[in-house]
file run-v5.txt (compact mmCIF, N, CA and C atoms)
# COMPACT_ATOMS: atom_id res chain seq x y z
N MET A 27 39.92 -8.99 3.24
CA MET A 27 39.56 -7.97 4.20
C MET A 27 40.58 -8.03 5.34
N GLY A 28 41.01 -6.85 5.77
CA GLY A 28 41.95 -6.78 6.88
C GLY A 28 41.31 -7.10 8.21
N LYS A 29 42.16 -7.44 9.16
CA LYS A 29 41.67 -7.81 10.49
C LYS A 29 40.91 -6.67 11.16
N ARG A 30 41.41 -5.45 11.02
CA ARG A 30 40.75 -4.29 11.65
C ARG A 30 39.38 -4.04 11.04
N GLN A 31 39.29 -4.17 9.72
CA GLN A 31 38.01 -3.97 9.06
C GLN A 31 37.01 -5.05 9.48
N ALA A 32 37.50 -6.27 9.60
CA ALA A 32 36.63 -7.37 10.01
C ALA A 32 36.09 -7.13 11.43
N TYR A 33 36.94 -6.69 12.34
CA TYR A 33 36.48 -6.42 13.70
C TYR A 33 35.54 -5.21 13.73
N GLY A 34 35.73 -4.27 12.82
CA GLY A 34 34.79 -3.15 12.70
C GLY A 34 33.40 -3.64 12.32
N LEU A 35 33.34 -4.59 11.39
CA LEU A 35 32.05 -5.17 11.00
C LEU A 35 31.45 -6.01 12.13
N VAL A 36 32.30 -6.63 12.94
CA VAL A 36 31.79 -7.38 14.10
C VAL A 36 31.11 -6.42 15.07
N VAL A 37 31.73 -5.28 15.32
CA VAL A 37 31.13 -4.28 16.22
C VAL A 37 29.78 -3.83 15.65
N LEU A 38 29.75 -3.56 14.35
CA LEU A 38 28.51 -3.16 13.70
C LEU A 38 27.46 -4.26 13.82
N ARG A 39 27.87 -5.49 13.58
CA ARG A 39 26.94 -6.63 13.67
C ARG A 39 26.36 -6.76 15.08
N LEU A 40 27.20 -6.62 16.09
CA LEU A 40 26.73 -6.73 17.47
C LEU A 40 25.80 -5.58 17.85
N CYS A 41 26.15 -4.37 17.44
CA CYS A 41 25.29 -3.21 17.74
C CYS A 41 23.93 -3.35 17.08
N LEU A 42 23.91 -3.77 15.82
CA LEU A 42 22.63 -3.96 15.14
C LEU A 42 21.88 -5.16 15.73
N GLY A 43 22.59 -6.15 16.22
CA GLY A 43 21.94 -7.27 16.90
C GLY A 43 21.20 -6.82 18.15
N VAL A 44 21.84 -5.97 18.94
CA VAL A 44 21.19 -5.43 20.14
C VAL A 44 20.00 -4.57 19.74
N PHE A 45 20.17 -3.75 18.70
CA PHE A 45 19.09 -2.90 18.20
C PHE A 45 17.87 -3.75 17.83
N PHE A 46 18.07 -4.79 17.03
CA PHE A 46 16.94 -5.62 16.61
C PHE A 46 16.36 -6.44 17.76
N LEU A 47 17.18 -6.83 18.71
CA LEU A 47 16.67 -7.54 19.89
C LEU A 47 15.68 -6.66 20.65
N PHE A 48 16.06 -5.41 20.89
CA PHE A 48 15.17 -4.53 21.64
C PHE A 48 13.97 -4.07 20.81
N GLU A 49 14.11 -4.00 19.50
CA GLU A 49 12.95 -3.75 18.65
C GLU A 49 11.95 -4.91 18.79
N ALA A 50 12.46 -6.14 18.80
CA ALA A 50 11.59 -7.32 18.93
C ALA A 50 10.95 -7.36 20.32
N ILE A 51 11.73 -7.08 21.36
CA ILE A 51 11.18 -7.09 22.72
C ILE A 51 10.05 -6.08 22.85
N GLY A 52 10.21 -4.92 22.22
CA GLY A 52 9.18 -3.89 22.26
C GLY A 52 7.89 -4.29 21.56
N LYS A 53 7.94 -5.36 20.79
CA LYS A 53 6.76 -5.80 20.04
C LYS A 53 6.22 -7.14 20.55
N ILE A 54 6.65 -7.59 21.69
CA ILE A 54 6.17 -8.87 22.23
C ILE A 54 4.66 -8.87 22.38
N GLY A 55 4.10 -7.73 22.77
CA GLY A 55 2.65 -7.63 22.93
C GLY A 55 1.87 -7.88 21.65
N TRP A 56 2.53 -7.77 20.51
CA TRP A 56 1.86 -8.01 19.23
C TRP A 56 1.40 -9.45 19.09
N PHE A 57 2.03 -10.38 19.83
CA PHE A 57 1.60 -11.78 19.77
C PHE A 57 0.22 -11.94 20.39
N ALA A 58 -0.07 -11.19 21.44
CA ALA A 58 -1.36 -11.27 22.12
C ALA A 58 -2.44 -10.50 21.37
N SER A 59 -2.05 -9.37 20.78
CA SER A 59 -3.04 -8.54 20.08
C SER A 59 -2.37 -7.80 18.93
N SER A 60 -3.01 -7.85 17.80
CA SER A 60 -2.49 -7.14 16.64
C SER A 60 -2.99 -5.70 16.59
N ALA A 61 -3.70 -5.27 17.63
CA ALA A 61 -4.31 -3.94 17.64
C ALA A 61 -3.28 -2.82 17.52
N VAL A 62 -2.13 -2.98 18.14
CA VAL A 62 -1.10 -1.93 18.08
C VAL A 62 -0.65 -1.73 16.63
N LEU A 63 -0.37 -2.81 15.94
CA LEU A 63 0.04 -2.71 14.54
C LEU A 63 -1.11 -2.19 13.67
N ALA A 64 -2.32 -2.70 13.92
CA ALA A 64 -3.48 -2.24 13.14
C ALA A 64 -3.68 -0.74 13.31
N ASN A 65 -3.56 -0.25 14.54
CA ASN A 65 -3.72 1.19 14.79
C ASN A 65 -2.63 1.99 14.09
N ARG A 66 -1.41 1.50 14.14
CA ARG A 66 -0.30 2.21 13.49
C ARG A 66 -0.51 2.26 11.98
N LEU A 67 -0.87 1.15 11.38
CA LEU A 67 -1.11 1.13 9.94
C LEU A 67 -2.27 2.04 9.55
N THR A 68 -3.31 2.06 10.38
CA THR A 68 -4.46 2.95 10.13
C THR A 68 -4.04 4.41 10.23
N GLU A 69 -3.23 4.74 11.22
CA GLU A 69 -2.69 6.12 11.35
C GLU A 69 -1.92 6.50 10.10
N TRP A 70 -1.04 5.61 9.67
CA TRP A 70 -0.23 5.90 8.49
C TRP A 70 -1.11 6.04 7.25
N LEU A 71 -2.18 5.25 7.18
CA LEU A 71 -3.08 5.31 6.03
C LEU A 71 -3.77 6.67 5.95
N GLN A 72 -4.11 7.24 7.09
CA GLN A 72 -4.80 8.54 7.12
C GLN A 72 -3.94 9.66 6.53
N SER A 73 -2.63 9.54 6.66
CA SER A 73 -1.75 10.59 6.13
C SER A 73 -0.92 10.08 4.95
N ALA A 74 -1.32 8.96 4.39
CA ALA A 74 -0.54 8.34 3.31
C ALA A 74 -0.61 9.16 2.03
N GLY A 75 0.46 9.07 1.28
CA GLY A 75 0.52 9.69 -0.03
C GLY A 75 0.15 8.69 -1.11
N PRO A 76 0.21 9.11 -2.35
CA PRO A 76 -0.18 8.21 -3.44
C PRO A 76 0.76 7.02 -3.63
N LEU A 77 1.99 7.11 -3.12
CA LEU A 77 2.94 6.00 -3.28
C LEU A 77 2.72 4.88 -2.26
N ASN A 78 2.43 5.25 -1.01
CA ASN A 78 2.33 4.20 0.01
C ASN A 78 0.89 3.84 0.37
N ARG A 79 -0.11 4.60 -0.07
CA ARG A 79 -1.51 4.28 0.25
C ARG A 79 -1.91 2.89 -0.24
N PRO A 80 -1.66 2.53 -1.50
CA PRO A 80 -2.06 1.18 -1.95
C PRO A 80 -1.35 0.07 -1.17
N TYR A 81 -0.11 0.31 -0.80
CA TYR A 81 0.64 -0.68 -0.03
C TYR A 81 0.01 -0.91 1.34
N LEU A 82 -0.36 0.18 2.01
CA LEU A 82 -1.01 0.07 3.32
C LEU A 82 -2.37 -0.62 3.21
N GLN A 83 -3.11 -0.30 2.16
CA GLN A 83 -4.41 -0.95 1.97
C GLN A 83 -4.25 -2.45 1.74
N MET A 84 -3.14 -2.84 1.14
CA MET A 84 -2.85 -4.26 0.94
C MET A 84 -2.43 -4.93 2.26
N LEU A 85 -1.73 -4.21 3.13
CA LEU A 85 -1.23 -4.78 4.38
C LEU A 85 -2.33 -4.98 5.43
N LEU A 86 -3.27 -4.06 5.51
CA LEU A 86 -4.26 -4.09 6.59
C LEU A 86 -5.02 -5.40 6.72
N PRO A 87 -5.47 -6.03 5.65
CA PRO A 87 -6.18 -7.30 5.85
C PRO A 87 -5.32 -8.40 6.46
N GLY A 88 -4.01 -8.33 6.33
CA GLY A 88 -3.11 -9.34 6.87
C GLY A 88 -2.48 -8.96 8.19
N VAL A 89 -3.06 -7.99 8.88
CA VAL A 89 -2.43 -7.46 10.09
C VAL A 89 -2.24 -8.54 11.17
N GLU A 90 -3.15 -9.49 11.25
CA GLU A 90 -3.03 -10.57 12.25
C GLU A 90 -1.75 -11.38 12.02
N ILE A 91 -1.43 -11.65 10.78
CA ILE A 91 -0.23 -12.42 10.44
C ILE A 91 1.02 -11.57 10.63
N PHE A 92 0.99 -10.33 10.11
CA PHE A 92 2.17 -9.46 10.19
C PHE A 92 2.53 -9.12 11.63
N ALA A 93 1.51 -9.03 12.51
CA ALA A 93 1.78 -8.71 13.91
C ALA A 93 2.59 -9.81 14.59
N ARG A 94 2.55 -11.00 14.05
CA ARG A 94 3.35 -12.10 14.60
C ARG A 94 4.67 -12.23 13.87
N LEU A 95 4.66 -12.01 12.56
CA LEU A 95 5.88 -12.19 11.77
C LEU A 95 6.94 -11.12 12.05
N VAL A 96 6.52 -9.89 12.28
CA VAL A 96 7.49 -8.80 12.47
C VAL A 96 8.37 -9.04 13.69
N PRO A 97 7.81 -9.27 14.89
CA PRO A 97 8.71 -9.52 16.03
C PRO A 97 9.53 -10.80 15.88
N LEU A 98 8.95 -11.83 15.25
CA LEU A 98 9.73 -13.05 15.01
C LEU A 98 10.91 -12.78 14.08
N GLY A 99 10.67 -12.02 13.03
CA GLY A 99 11.74 -11.67 12.10
C GLY A 99 12.82 -10.84 12.76
N GLU A 100 12.40 -9.86 13.56
CA GLU A 100 13.38 -9.02 14.25
C GLU A 100 14.19 -9.84 15.25
N PHE A 101 13.53 -10.77 15.93
CA PHE A 101 14.24 -11.61 16.90
C PHE A 101 15.22 -12.54 16.18
N ALA A 102 14.81 -13.12 15.06
CA ALA A 102 15.69 -14.00 14.30
C ALA A 102 16.92 -13.26 13.80
N VAL A 103 16.72 -12.04 13.33
CA VAL A 103 17.85 -11.22 12.88
C VAL A 103 18.78 -10.93 14.06
N ALA A 104 18.19 -10.58 15.20
CA ALA A 104 19.00 -10.29 16.39
C ALA A 104 19.86 -11.48 16.78
N VAL A 105 19.28 -12.65 16.81
CA VAL A 105 20.02 -13.86 17.18
C VAL A 105 21.14 -14.13 16.18
N ALA A 106 20.83 -14.02 14.90
CA ALA A 106 21.84 -14.24 13.87
C ALA A 106 23.00 -13.26 14.02
N PHE A 107 22.69 -12.00 14.27
CA PHE A 107 23.75 -10.99 14.42
C PHE A 107 24.55 -11.20 15.70
N LEU A 108 23.88 -11.50 16.79
CA LEU A 108 24.58 -11.63 18.07
C LEU A 108 25.46 -12.88 18.11
N LEU A 109 25.01 -13.95 17.44
CA LEU A 109 25.80 -15.18 17.42
C LEU A 109 26.73 -15.27 16.22
N GLY A 110 26.48 -14.45 15.22
CA GLY A 110 27.34 -14.46 14.04
C GLY A 110 27.07 -15.61 13.10
N GLY A 111 25.83 -16.02 13.02
CA GLY A 111 25.46 -17.07 12.07
C GLY A 111 24.56 -16.52 10.98
N TYR A 112 24.87 -16.86 9.75
CA TYR A 112 24.07 -16.41 8.61
C TYR A 112 23.91 -14.89 8.58
N THR A 113 24.99 -14.19 8.86
CA THR A 113 24.95 -12.73 8.97
C THR A 113 24.49 -12.07 7.68
N ARG A 114 25.02 -12.52 6.56
CA ARG A 114 24.66 -11.88 5.29
C ARG A 114 23.19 -12.10 4.96
N LEU A 115 22.69 -13.29 5.17
CA LEU A 115 21.28 -13.58 4.93
C LEU A 115 20.38 -12.78 5.87
N ALA A 116 20.76 -12.74 7.15
CA ALA A 116 19.98 -11.98 8.13
C ALA A 116 19.97 -10.50 7.79
N ALA A 117 21.10 -9.98 7.35
CA ALA A 117 21.18 -8.56 6.98
C ALA A 117 20.29 -8.26 5.78
N ALA A 118 20.28 -9.14 4.80
CA ALA A 118 19.43 -8.94 3.63
C ALA A 118 17.95 -8.97 4.02
N ALA A 119 17.58 -9.90 4.89
CA ALA A 119 16.20 -9.97 5.37
C ALA A 119 15.85 -8.71 6.17
N ALA A 120 16.78 -8.25 6.98
CA ALA A 120 16.54 -7.05 7.79
C ALA A 120 16.37 -5.81 6.91
N VAL A 121 17.14 -5.73 5.82
CA VAL A 121 16.97 -4.61 4.88
C VAL A 121 15.53 -4.58 4.38
N LEU A 122 15.01 -5.74 4.01
CA LEU A 122 13.63 -5.81 3.51
C LEU A 122 12.62 -5.42 4.58
N MET A 123 12.84 -5.87 5.82
CA MET A 123 11.92 -5.51 6.90
C MET A 123 11.94 -4.01 7.17
N VAL A 124 13.13 -3.45 7.24
CA VAL A 124 13.26 -2.02 7.52
C VAL A 124 12.65 -1.20 6.39
N LEU A 125 12.95 -1.56 5.16
CA LEU A 125 12.38 -0.82 4.03
C LEU A 125 10.86 -0.92 4.00
N ASN A 126 10.31 -2.08 4.40
CA ASN A 126 8.86 -2.21 4.46
C ASN A 126 8.25 -1.21 5.43
N PHE A 127 8.84 -1.09 6.62
CA PHE A 127 8.32 -0.14 7.60
C PHE A 127 8.51 1.30 7.12
N HIS A 128 9.65 1.60 6.55
CA HIS A 128 9.90 2.97 6.08
C HIS A 128 8.98 3.34 4.94
N TYR A 129 8.72 2.40 4.05
CA TYR A 129 7.83 2.66 2.93
C TYR A 129 6.38 2.81 3.41
N ALA A 130 5.94 1.87 4.28
CA ALA A 130 4.57 1.91 4.78
C ALA A 130 4.29 3.19 5.56
N SER A 131 5.23 3.60 6.38
CA SER A 131 5.02 4.81 7.20
C SER A 131 5.11 6.08 6.38
N GLY A 132 5.73 5.99 5.21
CA GLY A 132 5.91 7.17 4.37
C GLY A 132 7.11 8.01 4.77
N VAL A 133 7.82 7.59 5.79
CA VAL A 133 8.95 8.38 6.29
C VAL A 133 10.05 8.52 5.24
N MET A 134 10.19 7.53 4.37
CA MET A 134 11.27 7.59 3.39
C MET A 134 11.01 8.61 2.28
N PHE A 135 9.82 9.18 2.29
CA PHE A 135 9.49 10.21 1.29
C PHE A 135 9.63 11.62 1.86
N GLN A 136 10.21 11.74 3.04
CA GLN A 136 10.37 13.03 3.70
C GLN A 136 11.85 13.38 3.82
N TYR A 137 12.13 14.67 3.79
CA TYR A 137 13.50 15.14 3.92
C TYR A 137 14.12 14.68 5.24
N SER A 138 13.32 14.64 6.30
CA SER A 138 13.83 14.26 7.62
C SER A 138 14.37 12.83 7.65
N TYR A 139 14.02 12.02 6.66
CA TYR A 139 14.53 10.66 6.57
C TYR A 139 16.05 10.64 6.48
N LEU A 140 16.59 11.66 5.85
CA LEU A 140 18.04 11.73 5.67
C LEU A 140 18.79 11.96 6.98
N THR A 141 18.10 12.48 8.00
CA THR A 141 18.75 12.74 9.29
C THR A 141 18.18 11.86 10.40
N ASN A 142 17.26 10.97 10.08
CA ASN A 142 16.64 10.10 11.05
C ASN A 142 17.60 8.94 11.37
N GLY A 143 17.85 8.69 12.64
CA GLY A 143 18.76 7.62 13.04
C GLY A 143 18.28 6.23 12.68
N TYR A 144 16.98 6.07 12.46
CA TYR A 144 16.44 4.77 12.06
C TYR A 144 16.51 4.59 10.55
N GLY A 145 16.88 5.62 9.83
CA GLY A 145 16.88 5.58 8.37
C GLY A 145 18.18 5.10 7.79
N LEU A 146 18.91 6.04 7.22
CA LEU A 146 20.13 5.68 6.50
C LEU A 146 21.20 5.01 7.35
N PRO A 147 21.40 5.40 8.62
CA PRO A 147 22.42 4.68 9.40
C PRO A 147 22.12 3.18 9.55
N VAL A 148 20.87 2.85 9.83
CA VAL A 148 20.50 1.44 9.98
C VAL A 148 20.63 0.72 8.63
N LEU A 149 20.07 1.32 7.59
CA LEU A 149 20.16 0.70 6.27
C LEU A 149 21.61 0.57 5.80
N GLY A 150 22.40 1.59 6.03
CA GLY A 150 23.81 1.53 5.64
C GLY A 150 24.54 0.41 6.35
N GLY A 151 24.29 0.27 7.64
CA GLY A 151 24.91 -0.80 8.41
C GLY A 151 24.47 -2.17 7.92
N LEU A 152 23.18 -2.30 7.62
CA LEU A 152 22.67 -3.58 7.12
C LEU A 152 23.24 -3.92 5.75
N PHE A 153 23.33 -2.94 4.88
CA PHE A 153 23.94 -3.19 3.56
C PHE A 153 25.41 -3.58 3.72
N ALA A 154 26.11 -2.94 4.64
CA ALA A 154 27.52 -3.28 4.87
C ALA A 154 27.65 -4.73 5.31
N LEU A 155 26.75 -5.18 6.19
CA LEU A 155 26.80 -6.57 6.65
C LEU A 155 26.34 -7.54 5.56
N ALA A 156 25.38 -7.13 4.75
CA ALA A 156 24.92 -8.00 3.66
C ALA A 156 26.04 -8.21 2.64
N ILE A 157 26.87 -7.20 2.46
CA ILE A 157 27.96 -7.29 1.48
C ILE A 157 29.20 -7.96 2.07
N GLY A 158 29.60 -7.51 3.27
CA GLY A 158 30.88 -7.97 3.82
C GLY A 158 30.80 -8.76 5.10
N GLY A 159 29.62 -9.26 5.44
CA GLY A 159 29.44 -9.91 6.73
C GLY A 159 29.79 -11.38 6.80
N ALA A 160 30.36 -11.95 5.77
CA ALA A 160 30.70 -13.38 5.77
C ALA A 160 32.04 -13.62 6.45
N ALA A 161 32.14 -14.74 7.15
CA ALA A 161 33.40 -15.21 7.75
C ALA A 161 34.06 -14.17 8.64
N LEU A 162 33.28 -13.50 9.46
CA LEU A 162 33.83 -12.51 10.39
C LEU A 162 34.37 -13.21 11.63
N PRO A 163 35.32 -12.56 12.29
CA PRO A 163 35.79 -13.12 13.58
C PRO A 163 34.63 -13.15 14.59
N LEU A 164 34.76 -13.96 15.60
CA LEU A 164 33.77 -14.08 16.67
C LEU A 164 32.40 -14.48 16.14
N SER A 165 32.37 -15.32 15.13
CA SER A 165 31.12 -15.80 14.53
C SER A 165 31.02 -17.31 14.69
N LEU A 166 29.79 -17.78 14.88
CA LEU A 166 29.58 -19.22 14.95
C LEU A 166 29.80 -19.86 13.59
N LYS A 167 29.33 -19.20 12.57
CA LYS A 167 29.44 -19.73 11.21
C LYS A 167 30.44 -18.88 10.45
N LYS A 168 31.54 -19.46 10.05
CA LYS A 168 32.60 -18.70 9.35
C LYS A 168 32.46 -18.83 7.87
call {"tool": "encode", "arguments": {"input": "run-v5.txt", "output": "structure tokens"}}
result
Amino acid sequence: MGKRQAYGLVVLRLCLGVFFLFEAIGKIGWFASSAVLANRLTEWLQSAGPLNRPYLQMLLPGVEIFARLVPLGEFAVAVAFLLGGYTRLAAAAAVLMVLNFHYASGVMFQYSYLTNGYGLPVLGGLFALAIGGAALPLSLKK
């Protein structure tokens, strides 16, 4: 990989690190109460289609656990991206987290998903880091 391409991935890594940091900060309240997540999952269940309804029904009983795991996962990804450690692993984990939310909400089954800034741009960036994020400049772990 050329030096310019590597620094391009560093910029992407840092931008996604800031993104996940602020996503995690926005969910700090979930540690005190899982009600926000429970309400969101219930809302999504009311308008769910046949593909995501069973998934949401499976998630709801574990809302207490997921309300703590989601912000922790987002924070861990943010730290990994901002410090440049375990970038590829963090990106792969982030892909799974993002796809879980997109699938549960049903947004990935809508045409608007193709133009949503939280959709393909985030997933594309995460896949790029999962594939080419090893041994980047300005990383703790090379």
call {"tool": "closest_residue", "arguments": {"input": "run-v5.txt", "among": "A:Ala119, A:Leu140, A:Leu109, A:Ala58", "to": "A:Arg94", "atoms": "all atoms listed in the file"}}
result
A:Ala58
call {"tool": "closest_atom_pairs", "arguments": {"input": "run-v5.txt", "of": "stretch 64-110 of chain A", "to": "stretch 35-43 of chain A", "cutoff": "7 Å", "atoms": "all atoms listed in the file", "output": "CSV"}}
result
residue,atom,partner,partner_atom,distance
A:Val103,C,A:Gly43,CA,5.6
A:Ala104,CA,A:Gly43,CA,4.2
A:Val105,N,A:Gly43,CA,6.0
A:Ala106,C,A:Gly43,CA,6.7
A:Phe107,CA,A:Gly43,CA,4.8
A:Leu108,N,A:Gly43,CA,4.7
call {"tool": "write_last_selection", "arguments": {"input": "run-v5.txt", "atoms": "N, CA and C atoms", "output": "PDB file, keeping the file's coordinate frame"}}
result
ATOM      1  N   VAL A 103      16.720 -12.040  13.330  1.00  0.00           N
ATOM      2  CA  VAL A 103      17.850 -11.220  12.880  1.00  0.00           C
ATOM      3  C   VAL A 103      18.780 -10.930  14.060  1.00  0.00           C
ATOM      4  N   ALA A 104      18.190 -10.580  15.200  1.00  0.00           N
ATOM      5  CA  ALA A 104      19.000 -10.290  16.390  1.00  0.00           C
ATOM      6  C   ALA A 104      19.860 -11.480  16.780  1.00  0.00           C
ATOM      7  N   VAL A 105      19.280 -12.650  16.810  1.00  0.00           N
ATOM      8  CA  VAL A 105      20.020 -13.860  17.180  1.00  0.00           C
ATOM      9  C   VAL A 105      21.140 -14.130  16.180  1.00  0.00           C
ATOM     10  N   ALA A 106      20.830 -14.020  14.900  1.00  0.00           N
ATOM     11  CA  ALA A 106      21.840 -14.240  13.870  1.00  0.00           C
ATOM     12  C   ALA A 106      23.000 -13.260  14.020  1.00  0.00           C
ATOM     13  N   PHE A 107      22.690 -12.000  14.270  1.00  0.00           N
ATOM     14  CA  PHE A 107      23.750 -10.990  14.420  1.00  0.00           C
ATOM     15  C   PHE A 107      24.550 -11.200  15.700  1.00  0.00           C
ATOM     16  N   LEU A 108      23.880 -11.500  16.790  1.00  0.00           N
ATOM     17  CA  LEU A 108      24.580 -11.630  18.070  1.00  0.00           C
ATOM     18  C   LEU A 108      25.460 -12.880  18.110  1.00  0.00           C
TER      19      LEU A 108
END
call {"tool": "closest_residue", "arguments": {"input": "run-v5.txt", "among": "A:Thr113, A:Gln83, A:Ser59, A:Thr68", "to": "A:Ile157", "atoms": "only C-alpha atoms"}}
result
A:Thr113
call {"tool": "atom_distance", "arguments": {"input": "run-v5.txt", "atom1": "atom C of A:Ala74", "atom2": "atom C of A:Ile51"}}
result
27.9 Å
call {"tool": "atom_distance", "arguments": {"input": "run-v5.txt", "atom1": "atom CA of A:Leu71", "atom2": "atom C of A:Leu125"}}
result
15.4 Å
call {"tool": "select_by_dssp", "arguments": {"input": "run-v5.txt", "residues": "stretch 51-107 of chain A", "states": "alpha helix (DSSP H)", "output": "number ranges by chain"}}
result
A: 51, 61-72, 79-85, 89-107
call {"tool": "closest_residue", "arguments": {"input": "run-v5.txt", "among": "A:Val133, A:Arg30, A:Arg79, A:Ala118", "to": "A:Leu155", "atoms": "only C-alpha atoms"}}
result
A:Ala118
call {"tool": "closest_residue", "arguments": {"input": "run-v5.txt", "among": "A:Leu47, A:Leu67, A:Leu162, A:Val124", "to": "A:Tyr144", "atoms": "all atoms listed in the file"}}
result
A:Val124
call {"tool": "closest_residue", "arguments": {"input": "run-v5.txt", "among": "A:Ser165, A:Gly28, A:Phe46, A:Phe57", "to": "A:Tyr112", "atoms": "all atoms listed in the file"}}
result
A:Ser165
call {"tool": "atom_distance", "arguments": {"input": "run-v5.txt", "atom1": "atom C of A:Leu152", "atom2": "atom N of A:Ala120"}}
result
7.9 Å
call {"tool": "closest_residue", "arguments": {"input": "run-v5.txt", "among": "A:Lys29, A:Gly110, A:Pro76, A:Gly145", "to": "A:His128", "atoms": "all atoms listed in the file"}}
result
A:Gly145
